[in-house]
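Here is the file data.cif (mmCIF, C-alpha atoms and all ligand atoms).
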```
data_data
#
loop_
_atom_site.label_atom_id
_atom_site.label_comp_id
_atom_site.auth_asym_id
_atom_site.auth_seq_id
_atom_site.Cartn_x
_atom_site.Cartn_y
_atom_site.Cartn_z
CA MET J 1 -4.01 77.65 104.83
CA VAL J 2 -6.44 79.64 106.97
CA GLN J 3 -6.06 78.19 110.43
CA GLU J 4 -3.95 75.18 111.36
CA LYS J 5 -6.29 72.25 111.95
CA PHE J 6 -3.49 69.93 113.03
CA SER J 7 -0.02 70.81 114.32
CA LYS J 8 3.01 68.72 113.42
CA LYS J 9 3.07 67.70 117.09
CA ASP J 10 -0.50 66.33 116.80
CA ILE J 11 0.47 64.35 113.72
CA LYS J 12 3.66 63.03 115.32
CA ALA J 13 1.53 61.72 118.19
CA TYR J 14 -0.47 59.63 115.68
CA PHE J 15 2.75 58.19 114.22
CA GLU J 16 3.82 57.21 117.72
CA LYS J 17 0.55 55.63 118.84
CA PRO J 18 0.49 51.85 119.23
CA PHE J 19 -0.46 50.44 115.83
CA ILE J 20 -3.52 48.65 117.22
CA GLU J 21 -4.87 51.86 118.78
CA LEU J 22 -4.26 53.83 115.60
CA MET J 23 -6.14 51.27 113.52
CA PHE J 24 -9.11 51.43 115.90
CA GLU J 25 -9.22 55.22 115.80
CA ALA J 26 -8.99 55.23 112.00
CA GLN J 27 -11.88 52.72 111.76
CA VAL J 28 -14.06 54.83 114.04
CA VAL J 29 -13.44 57.94 111.91
CA HIS J 30 -13.91 55.96 108.71
CA ARG J 31 -17.26 54.48 109.77
CA LYS J 32 -18.52 57.88 110.87
CA HIS J 33 -18.04 59.39 107.43
CA HIS J 34 -18.13 56.52 104.92
CA ASN J 35 -19.74 53.21 104.13
CA PRO J 36 -16.92 50.83 105.21
CA LEU J 37 -17.94 48.29 102.56
CA GLU J 38 -17.71 50.65 99.60
CA VAL J 39 -14.64 51.07 97.41
CA GLN J 40 -14.36 53.66 94.64
CA LEU J 41 -12.59 52.56 91.42
CA SER J 42 -10.48 54.99 89.38
CA THR J 43 -8.94 53.85 86.10
CA LEU J 44 -5.73 55.43 84.81
CA LEU J 45 -4.63 56.05 81.25
CA SER J 46 -1.36 57.60 80.16
CA ILE J 47 -2.45 59.90 77.34
CA LYS J 48 1.05 61.31 76.66
CA THR J 49 3.98 59.18 77.70
CA GLY J 50 7.63 59.95 78.44
CA ALA J 51 10.08 62.65 77.24
CA CYS J 52 9.23 64.78 80.27
CA VAL J 53 11.55 67.73 80.98
CA GLU J 54 11.21 67.35 84.76
CA ASP J 55 13.67 65.27 86.79
CA CYS J 56 11.43 63.59 89.40
CA GLY J 57 13.78 60.94 90.82
CA TYR J 58 11.14 58.21 90.91
CA CYS J 59 9.64 58.60 87.46
CA SER J 60 10.00 56.39 84.39
CA GLN J 61 8.88 59.30 82.19
CA SER J 62 11.67 61.81 82.78
CA ALA J 63 13.78 62.29 79.62
CA ARG J 64 16.87 62.35 81.85
CA TYR J 65 16.80 58.69 82.78
CA ASP J 66 17.31 55.63 80.63
CA THR J 67 14.22 53.65 81.59
CA LYS J 68 13.66 51.97 78.19
CA LEU J 69 10.25 53.59 78.01
CA GLU J 70 8.53 54.00 74.67
CA VAL J 71 7.78 57.69 74.18
CA GLU J 72 4.28 58.41 72.86
CA PRO J 73 2.76 61.75 71.82
CA LEU J 74 -0.70 62.87 72.92
CA MET J 75 -3.05 59.97 72.10
CA ASP J 76 -5.85 60.32 69.55
CA GLU J 77 -9.17 61.40 70.94
CA GLU J 78 -10.94 58.23 69.70
CA GLU J 79 -8.42 55.95 71.43
CA ILE J 80 -8.83 57.82 74.72
CA ILE J 81 -12.63 57.57 74.52
CA GLU J 82 -12.41 53.87 73.66
CA ASN J 83 -10.27 53.31 76.78
CA ALA J 84 -12.75 55.28 78.89
CA ARG J 85 -15.62 53.18 77.55
CA LYS J 86 -13.74 49.98 78.50
CA ALA J 87 -12.97 51.37 81.96
CA ARG J 88 -16.67 52.00 82.49
CA LEU J 89 -17.63 48.52 81.29
CA ASN J 90 -15.11 47.09 83.77
CA GLY J 91 -16.87 48.91 86.60
CA GLY J 92 -14.71 52.02 87.09
CA THR J 93 -16.49 55.26 88.00
CA ARG J 94 -13.64 57.72 87.52
CA PHE J 95 -11.31 58.00 84.53
CA CYS J 96 -7.93 59.60 85.24
CA MET J 97 -5.82 60.78 82.34
CA GLY J 98 -2.12 61.45 82.91
CA ALA J 99 0.41 63.29 80.74
CA ALA J 100 4.16 63.61 81.14
CA TRP J 101 4.20 67.39 80.85
CA LYS J 102 5.73 70.06 83.06
CA ASN J 103 2.97 72.45 81.97
CA VAL J 104 -0.04 72.00 79.72
CA PRO J 105 0.74 73.13 76.14
CA GLU J 106 -1.78 75.81 75.16
CA LYS J 107 -2.20 74.32 71.68
CA GLU J 108 -3.62 71.10 73.17
CA MET J 109 -6.34 72.85 75.19
CA PRO J 110 -9.20 72.50 72.63
CA LYS J 111 -8.55 68.75 72.29
CA LEU J 112 -8.26 68.24 76.07
CA LYS J 113 -11.53 70.08 76.63
CA ARG J 114 -13.34 67.94 74.06
CA ILE J 115 -11.97 64.82 75.75
CA ILE J 116 -13.29 65.94 79.15
CA GLU J 117 -16.75 66.52 77.65
CA GLU J 118 -16.79 63.18 75.86
CA VAL J 119 -15.61 61.17 78.88
CA ASN J 120 -18.17 62.92 81.11
CA ALA J 121 -20.86 62.07 78.55
CA LEU J 122 -20.07 58.37 79.10
CA GLY J 123 -21.23 58.79 82.69
CA LEU J 124 -17.74 58.77 84.19
CA GLU J 125 -16.15 61.23 86.58
CA THR J 126 -13.14 62.85 84.95
CA CYS J 127 -9.71 63.46 86.42
CA MET J 128 -6.61 64.83 84.73
CA THR J 129 -3.00 65.03 85.85
CA LEU J 130 -1.07 67.05 83.32
CA GLY J 131 1.47 69.11 85.31
CA GLY J 132 1.32 72.84 86.04
CA LEU J 133 -1.67 74.94 84.94
CA THR J 134 -2.34 78.62 84.36
CA ARG J 135 -5.41 80.21 85.92
CA ASP J 136 -7.07 80.42 82.47
CA GLN J 137 -6.43 76.76 81.81
CA ALA J 138 -7.85 75.71 85.19
CA GLU J 139 -10.96 77.82 84.60
CA SER J 140 -11.34 76.49 81.13
CA PHE J 141 -11.11 72.86 82.35
CA ASN J 142 -13.71 73.65 84.99
CA GLU J 143 -16.06 75.03 82.33
CA SER J 144 -15.63 71.81 80.34
CA GLY J 145 -16.79 69.83 83.36
CA LEU J 146 -13.51 68.39 84.68
CA ASP J 147 -14.33 66.89 88.08
CA TYR J 148 -10.85 66.41 89.60
CA TYR J 149 -7.30 67.54 88.95
CA ASN J 150 -4.50 65.43 90.40
CA HIS J 151 -1.34 67.23 91.47
CA ASN J 152 0.66 65.45 94.16
CA LEU J 153 2.90 67.01 96.78
CA ASP J 154 4.77 63.68 96.75
CA THR J 155 6.85 64.34 99.88
CA SER J 156 7.69 67.01 102.45
CA ARG J 157 8.68 70.57 101.63
CA GLU J 158 12.05 69.85 103.29
CA TYR J 159 12.87 66.67 101.31
CA TYR J 160 11.46 67.87 97.96
CA LYS J 161 14.73 69.22 96.53
CA ASP J 162 16.36 65.80 97.03
CA ILE J 163 13.72 64.25 94.79
CA ILE J 164 13.00 66.95 92.18
CA THR J 165 15.17 69.93 91.22
CA THR J 166 13.32 71.27 88.18
CA ARG J 167 10.41 72.81 90.14
CA THR J 168 9.70 73.93 93.67
CA TYR J 169 7.23 72.83 96.30
CA GLN J 170 5.66 76.27 96.03
CA ASP J 171 5.04 75.72 92.28
CA ARG J 172 3.05 72.63 93.25
CA LEU J 173 1.06 74.45 95.94
CA ASP J 174 0.33 77.32 93.53
CA THR J 175 -1.17 74.97 90.93
CA ILE J 176 -3.26 73.28 93.61
CA ASP J 177 -4.56 76.72 94.66
CA LEU J 178 -5.51 77.53 91.05
CA VAL J 179 -7.34 74.22 90.73
CA ARG J 180 -9.25 74.87 93.95
CA GLU J 181 -10.12 78.45 93.00
CA SER J 182 -11.38 77.39 89.56
CA GLY J 183 -13.98 75.08 91.15
CA ILE J 184 -12.36 71.73 90.20
CA LYS J 185 -12.01 69.21 93.03
CA VAL J 186 -8.47 68.61 94.27
CA CYS J 187 -6.74 65.22 94.19
CA SER J 188 -3.39 65.43 95.96
CA GLY J 189 -1.24 62.98 97.86
CA GLY J 190 2.22 61.52 97.89
CA ILE J 191 4.63 58.63 97.61
CA MET J 192 5.91 56.54 100.50
CA GLY J 193 9.31 54.87 100.17
CA LEU J 194 11.35 57.71 98.64
CA GLY J 195 13.86 57.42 101.48
CA GLU J 196 11.91 59.99 103.53
CA THR J 197 12.04 60.11 107.32
CA GLN J 198 9.08 60.02 109.69
CA GLU J 199 9.49 63.81 110.03
CA ASP J 200 9.03 64.12 106.26
CA ARG J 201 5.86 62.05 106.39
CA ILE J 202 4.55 64.21 109.23
CA SER J 203 5.38 67.32 107.24
CA MET J 204 3.66 66.13 104.04
CA PHE J 205 0.47 65.07 105.84
CA TRP J 206 0.54 68.38 107.72
CA GLU J 207 0.53 70.26 104.38
CA LEU J 208 -2.34 68.17 103.00
CA ALA J 209 -4.47 68.12 106.16
CA ASN J 210 -4.19 71.88 106.65
CA MET J 211 -5.38 72.76 103.16
CA ASP J 212 -8.70 74.52 103.42
CA PRO J 213 -10.76 72.82 102.15
CA GLN J 214 -8.87 69.54 102.36
CA PRO J 215 -8.28 67.64 99.08
CA GLU J 216 -11.37 65.61 98.15
CA SER J 217 -9.12 62.79 96.99
CA VAL J 218 -5.78 61.70 98.49
CA PRO J 219 -3.69 59.12 96.62
CA VAL J 220 -1.19 57.33 98.86
CA ASN J 221 1.37 55.67 96.58
CA GLN J 222 4.08 53.20 97.45
CA LEU J 223 7.16 53.78 95.29
CA VAL J 224 7.25 51.51 92.26
CA PRO J 225 11.02 51.22 91.76
CA ILE J 226 11.78 51.70 88.06
CA PRO J 227 15.24 50.60 86.84
CA GLY J 228 17.14 53.57 85.46
CA THR J 229 15.59 56.12 87.84
CA PRO J 230 17.81 57.54 90.61
CA LEU J 231 15.53 56.26 93.38
CA ALA J 232 15.49 52.69 92.10
CA ASP J 233 19.21 52.74 91.37
CA LYS J 234 20.03 54.06 94.86
CA LYS J 235 18.09 51.07 96.20
CA VAL J 236 16.35 53.10 98.89
CA GLU J 237 14.89 51.00 101.67
CA PRO J 238 11.29 50.09 100.72
CA VAL J 239 8.66 51.40 103.11
CA ALA J 240 7.80 48.77 105.73
CA SER J 241 4.25 47.38 105.35
CA PHE J 242 3.11 48.52 108.80
CA ASP J 243 4.47 52.00 108.16
CA PHE J 244 2.56 52.21 104.88
CA ILE J 245 -0.67 51.06 106.58
CA LYS J 246 -0.03 53.66 109.30
CA CYS J 247 0.18 56.38 106.64
CA ILE J 248 -3.23 55.30 105.32
CA ALA J 249 -4.72 55.31 108.84
CA ILE J 250 -3.26 58.75 109.58
CA SER J 251 -4.57 60.14 106.27
CA ARG J 252 -8.02 58.85 107.20
CA ILE J 253 -7.93 60.41 110.68
CA LEU J 254 -6.57 63.75 109.45
CA MET J 255 -8.83 63.98 106.39
CA PRO J 256 -12.04 62.25 107.54
CA LYS J 257 -14.21 63.14 104.54
CA SER J 258 -11.64 62.65 101.78
CA GLN J 259 -11.38 59.63 99.56
CA ILE J 260 -8.14 57.95 100.59
CA ARG J 261 -6.79 56.00 97.62
CA LEU J 262 -4.58 52.95 97.98
CA SER J 263 -2.62 53.84 94.85
CA ALA J 264 0.62 52.68 93.16
CA GLY J 265 2.35 49.64 94.62
CA ARG J 266 -0.59 47.22 94.91
CA GLU J 267 1.07 44.87 92.42
CA VAL J 268 3.56 43.81 95.11
CA MET J 269 1.11 43.92 98.06
CA SER J 270 -0.55 40.77 99.40
CA GLU J 271 -4.34 40.72 99.72
CA GLU J 272 -3.88 40.69 103.50
CA MET J 273 -1.82 43.89 103.29
CA GLN J 274 -4.45 45.55 101.11
CA ALA J 275 -7.19 44.37 103.50
CA MET J 276 -5.39 46.17 106.34
CA CYS J 277 -5.21 49.32 104.20
CA PHE J 278 -9.01 49.15 103.68
CA MET J 279 -9.48 48.60 107.41
CA ALA J 280 -7.22 51.62 108.05
CA GLY J 281 -9.63 53.74 106.00
CA ALA J 282 -8.63 53.46 102.34
CA ASN J 283 -11.82 53.61 100.26
CA SER J 284 -10.55 53.92 96.73
CA VAL J 285 -8.04 52.18 94.42
CA PHE J 286 -6.56 52.54 90.97
CA PHE J 287 -8.35 49.82 89.07
CA GLY J 288 -7.32 48.31 85.73
CA ASP J 289 -4.33 46.30 84.53
CA ARG J 290 -2.06 49.34 84.06
CA LEU J 291 -1.17 52.39 86.10
CA LEU J 292 0.61 54.89 83.82
CA THR J 293 3.70 52.98 82.67
CA THR J 294 3.71 50.01 85.06
CA ASN J 295 1.37 47.14 85.89
CA ASN J 296 -1.47 47.06 88.39
CA PRO J 297 -3.27 43.90 89.60
CA ASP J 298 -5.59 42.53 86.93
CA THR J 299 -9.25 43.37 87.25
CA CYS J 300 -10.44 39.76 87.83
CA LYS J 301 -7.98 39.37 90.68
CA ASP J 302 -9.22 42.63 92.19
CA TYR J 303 -12.87 41.59 91.91
CA GLN J 304 -12.00 38.32 93.64
CA MET J 305 -10.29 40.23 96.45
CA PHE J 306 -13.27 42.60 96.84
CA LYS J 307 -15.54 39.59 97.08
CA LYS J 308 -13.39 37.95 99.77
CA LEU J 309 -13.50 41.16 101.78
CA GLY J 310 -17.19 41.88 101.14
CA LEU J 311 -16.24 45.19 99.51
CA VAL J 312 -18.70 46.59 96.99
CA PRO J 313 -17.41 48.85 94.21
CA GLN J 314 -19.11 52.25 94.22
CA GLY J 315 -22.13 52.26 91.92
CA GLN J 316 -22.48 48.45 92.00
CA GLU J 317 -25.24 47.41 94.42
CA GLU J 318 -24.14 43.86 95.13
CA PRO J 319 -20.70 42.29 95.44
CA VAL J 320 -19.96 41.33 91.80
CA GLU J 321 -20.30 37.73 90.61
CA ILE J 322 -17.17 36.51 88.86
N1 LIG U 401 3.43 64.96 85.08
C1 LIG U 401 2.38 65.19 85.96
C2 LIG U 401 2.82 65.45 87.38
O1 LIG U 401 3.96 65.17 87.70
O2 LIG U 401 2.01 65.97 88.15
C3 LIG U 401 1.36 64.07 85.98
C4 LIG U 401 1.81 62.62 85.93
S1 LIG U 401 2.83 62.08 87.28
C5 LIG U 401 3.37 60.53 86.68
C6 LIG U 401 1.65 61.78 88.58
C7 LIG U 401 2.12 61.20 89.88
O3 LIG U 401 2.42 59.81 89.73
C8 LIG U 401 3.38 61.75 90.51
O4 LIG U 401 3.17 62.97 91.16
C9 LIG U 401 3.73 60.66 91.51
O5 LIG U 401 3.07 60.89 92.73
C10 LIG U 401 3.16 59.40 90.86
N2 LIG U 401 4.25 58.50 90.44
C11 LIG U 401 5.02 58.63 89.34
N3 LIG U 401 5.94 57.65 89.27
C12 LIG U 401 5.76 56.87 90.36
C13 LIG U 401 6.41 55.70 90.85
N4 LIG U 401 7.43 55.16 90.23
N5 LIG U 401 5.95 55.16 92.00
C14 LIG U 401 4.89 55.71 92.66
N6 LIG U 401 4.25 56.82 92.23
C15 LIG U 401 4.67 57.40 91.11
C1 LIG U 402 -1.12 59.07 91.60
O1 LIG U 402 -1.05 59.55 92.75
N1 LIG U 402 -0.61 57.91 91.24
C2 LIG U 402 -0.87 57.65 89.84
C3 LIG U 402 -1.72 58.88 89.42
N2 LIG U 402 -1.75 59.66 90.61
C4 LIG U 402 -1.39 59.62 88.23
C5 LIG U 402 0.32 57.33 89.05
C6 LIG U 402 1.15 56.18 89.58
C7 LIG U 402 2.26 55.92 88.63
C8 LIG U 402 3.04 54.69 89.00
C9 LIG U 402 4.18 54.46 88.10
C10 LIG U 402 3.84 54.32 86.65
O2 LIG U 402 2.95 53.50 86.27
O3 LIG U 402 4.48 54.98 85.83
FE1 LIG U 403 7.29 64.39 84.45
FE2 LIG U 403 5.23 63.98 86.15
FE3 LIG U 403 7.13 62.08 85.78
FE4 LIG U 403 7.75 64.29 87.08
S1 LIG U 403 6.22 62.76 87.73
S2 LIG U 403 9.00 63.32 85.44
S3 LIG U 403 6.52 65.80 85.99
S4 LIG U 403 5.69 62.83 84.26
#
```
Before we go any further, please render this structure as structure tokens.
Amino acid sequence: MVQEKFSKKDIKAYFEKPFIELMFEAQVVHRKHHNPLEVQLSTLLSIKTGACVEDCGYCSQSARYDTKLEVEPLMDEEEIIENARKARLNGGTRFCMGAAWKNVPEKEMPKLKRIIEEVNALGLETCMTLGGLTRDQAESFNESGLDYYNHNLDTSREYYKDIITTRTYQDRLDTIDLVRESGIKVCSGGIMGLGETQEDRISMFWELANMDPQPESVPVNQLVPIPGTPLADKKVEPVASFDFIKCIAISRILMPKSQIRLSAGREVMSEEMQAMCFMAGANSVFFGDRLLTTNNPDTCKDYQMFKKLGLVPQGQEEPVEI
């Protein structure tokens, strides 16, 4: 962080603005920097599933929780490329590969690098989210052409230890710094609905907005409660719809040039709710029937929604005919 662009007091003022005013301000910022009718589509694939040594309290993939998840080792290269090809045919422009690792195993680096090259060769942007990286690994991914690395802050520095005890907030920030320094674009955001307070939300957006440069891509997730995880079992109060939309609007205002992604949680959101998120400045979604281990709206349903809203997926000139 070089110089604070926004103070926590500035951000608190946005949280306290009348909702209608906040939405207007977010729209003005959005229209200044983006085509308000364009939506970017990122498709996810879990390339290594479950048996993770971390204890993230929301996650189906931690080995500590009985979530009835089928554990799968690193997927074959051919299967990953086949999935990427399908994602492209469905209209996605970015392919995001996720692995339930704390850190990237060195022995998998040659395979991961080949995968990046092959997915790029299909004409897709590449994104990976594989846990912590060393400087050498980040540089090596950059040389292979990796476009984005996703590494979320998830919540505030203050609340982090209530959600995850097996790593620190600083570990997360250090990996993000390595990604940035290697030349890969940064994708970093968080989860709403972990039982965090408004102060925690202010604090997380303060961290993201004051990164220099700001993350190019900011996923805003709504918790998907997964039976067997501490956060689902504690039955934390779900985030209220207007509060979630507010978080999107505030992300847009604080990070005007970033892609703000309406991420996990769309499966339980109405089209009207999603429309308000787009009006608040979201310009990207996870697209495809699956997220990592849970469902996402099916692609036909999404295309129908885009058509109703007049949204055009990035790279597709006209609203698609269904
Ligand atoms: N293991 C790597 C890591 O933690 O960075 C990569 C995969 S991890 C599943 C990627 C992100 O997915 C997490 O940081 C979190 O933001 C999001 N996520 C995981 N489980 C979720 C859930 N149940 N609801 C919403 N978001 C979730
Ligand atoms: C992000 O911010 N959300 C995605 C992606 N980055 C890796 C993952 C959402 C996972 C939702 C729960 C699941 O499917 O396991
Ligand atoms: Fe592992 Fe990532 Fe899930 Fe945490 S969020 S348990 S690090 S897969």
(request) Using all atoms listed in the file, find the one residue out of J:Ser217, J:Thr126, J:Asn83, J:Thr168 that sits nearest to ligand LIG 403 (chain U). (result)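 So, comparing all the options, the nearest one is J:Thr168.
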(request) Would you mind listing what lies within 8 Å of Arg290 in chain J as a ChimeraX atom specification, with all atoms listed in the file counted and same-chain residues fewer than 6 positions away left out? (result) /J:44-45,296-297
Residues just named, written with C-alpha atoms as a PDB file, in the coordinates of the input:
```pdb
ATOM      1  CA  LEU J  44      -5.730  55.430  84.810  1.00  0.00           C
ATOM      2  CA  LEU J  45      -4.630  56.050  81.250  1.00  0.00           C
ATOM      3  CA  ASN J 296      -1.470  47.060  88.390  1.00  0.00           C
ATOM      4  CA  PRO J 297      -3.270  43.900  89.600  1.00  0.00           C
TER       5      PRO J 297
END
```
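The space between CA of Asn221 in chain J and CA of Asn152 in chain J spans 10.1 Å.
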Would you write out, as a Markdown table, a table of all residues in chain J that have an atom no more than 12 Å from an atom of ligand LIG 403 (chain U), listing for each the closest atom pair and the distance in Å to one decimal, considering only C-alpha atoms and all ligand atoms and ordering rows by chain and rising residue number?
```
| residue | atom | partner | partner_atom | distance |
| --- | --- | --- | --- | --- |
| J:Ser46 | CA | U:LIG403 | S4 | 9.7 |
| J:Ile47 | CA | U:LIG403 | S4 | 11.1 |
| J:Lys48 | CA | U:LIG403 | S4 | 9.0 |
| J:Thr49 | CA | U:LIG403 | S4 | 7.7 |
| J:Gly50 | CA | U:LIG403 | S4 | 6.8 |
| J:Ala51 | CA | U:LIG403 | FE1 | 7.9 |
| J:Cys52 | CA | U:LIG403 | FE1 | 4.6 |
| J:Val53 | CA | U:LIG403 | FE1 | 6.4 |
| J:Glu54 | CA | U:LIG403 | S2 | 4.6 |
| J:Asp55 | CA | U:LIG403 | S2 | 5.2 |
| J:Cys56 | CA | U:LIG403 | FE4 | 4.4 |
| J:Gly57 | CA | U:LIG403 | S2 | 7.6 |
| J:Tyr58 | CA | U:LIG403 | S1 | 7.4 |
| J:Cys59 | CA | U:LIG403 | FE3 | 4.6 |
| J:Ser60 | CA | U:LIG403 | FE3 | 6.5 |
| J:Gln61 | CA | U:LIG403 | FE3 | 4.9 |
| J:Ser62 | CA | U:LIG403 | S2 | 4.1 |
| J:Ala63 | CA | U:LIG403 | S2 | 7.6 |
| J:Arg64 | CA | U:LIG403 | S2 | 8.7 |
| J:Tyr65 | CA | U:LIG403 | S2 | 9.5 |
| J:Thr67 | CA | U:LIG403 | S2 | 11.6 |
| J:Leu69 | CA | U:LIG403 | FE3 | 11.9 |
| J:Val71 | CA | U:LIG403 | S4 | 11.5 |
| J:Met97 | CA | U:LIG403 | S4 | 11.8 |
| J:Gly98 | CA | U:LIG403 | S4 | 8.0 |
| J:Ala99 | CA | U:LIG403 | S4 | 6.4 |
| J:Ala100 | CA | U:LIG403 | S4 | 3.6 |
| J:Trp101 | CA | U:LIG403 | FE1 | 5.6 |
| J:Lys102 | CA | U:LIG403 | S3 | 5.2 |
| J:Asn103 | CA | U:LIG403 | S3 | 8.5 |
| J:Val104 | CA | U:LIG403 | S3 | 11.0 |
| J:Met128 | CA | U:LIG403 | FE2 | 12.0 |
| J:Thr129 | CA | U:LIG403 | FE2 | 8.3 |
| J:Leu130 | CA | U:LIG403 | FE2 | 7.6 |
| J:Gly131 | CA | U:LIG403 | S3 | 6.1 |
| J:Gly132 | CA | U:LIG403 | S3 | 8.8 |
| J:Asn150 | CA | U:LIG403 | FE2 | 10.7 |
| J:His151 | CA | U:LIG403 | FE2 | 9.1 |
| J:Asn152 | CA | U:LIG403 | S1 | 8.9 |
| J:Leu153 | CA | U:LIG403 | S1 | 10.5 |
| J:Asp154 | CA | U:LIG403 | S1 | 9.2 |
| J:Ile163 | CA | U:LIG403 | FE4 | 9.8 |
| J:Ile164 | CA | U:LIG403 | FE4 | 7.8 |
| J:Thr165 | CA | U:LIG403 | FE4 | 10.2 |
| J:Thr166 | CA | U:LIG403 | FE4 | 9.0 |
| J:Arg167 | CA | U:LIG403 | S3 | 9.0 |
| J:Thr168 | CA | U:LIG403 | S3 | 11.6 |
| J:Asp171 | CA | U:LIG403 | S3 | 11.8 |
| J:Arg172 | CA | U:LIG403 | S3 | 10.6 |
| J:Gly190 | CA | U:LIG403 | S1 | 11.0 |
| J:Ile191 | CA | U:LIG403 | S1 | 10.8 |
| J:Leu223 | CA | U:LIG403 | S1 | 11.8 |
| J:Ile226 | CA | U:LIG403 | FE3 | 11.6 |
| J:Thr229 | CA | U:LIG403 | S2 | 10.1 |
| J:Pro230 | CA | U:LIG403 | S2 | 11.7 |
| J:Leu292 | CA | U:LIG403 | S4 | 9.4 |
| J:Thr293 | CA | U:LIG403 | S4 | 10.2 |
```
(message) Counting only C-alpha atoms, I want the residues whose atoms come within 9 Å of (-6.9, 62.1, 91.5) in the file frame, returned as number ranges by chain.
(response) J: 42, 94, 96, 127-129, 148-152, 185-189, 216-219, 261
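The two atoms in question, CA of Glu38 in chain J and CA of Ser284 in chain J, are spaced 8.4 Å apart.
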(message) As an exercise, work out the distance from CA of Ile115 in chain J to CA of Ile81 in chain J in Å and give it to one decimal place.
(response)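 Spanning CA of Ile115 in chain J to CA of Ile81 in chain J is a straight-line distance of 7.4 Å.
With all atoms listed in the file as the atoms that count, the residue of J:Gly265, J:Phe278, J:Ile253, J:Ser270 with the shortest distance to Ala26 in chain J is J:Ile253.
Using all atoms listed in the file, the smallest distance between any of J:Ser263, J:Thr197, J:Ser7, J:Asn142 and ligand LIG 401 (chain U) comes from J:Ser263.
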(message) So that I can see what lies close to Met276 in chain J, please list as a count of residues only the residues with an atom at most 12 Å from it, counting only C-alpha atoms and leaving out residues fewer than 3 positions away in the same chain.
(response) 27
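Of the listed residues (J:Thr93, J:Ser251, J:Asn35, J:Thr294), J:Thr294 comes nearest to Arg266 in chain J; the distances count only C-alpha atoms.
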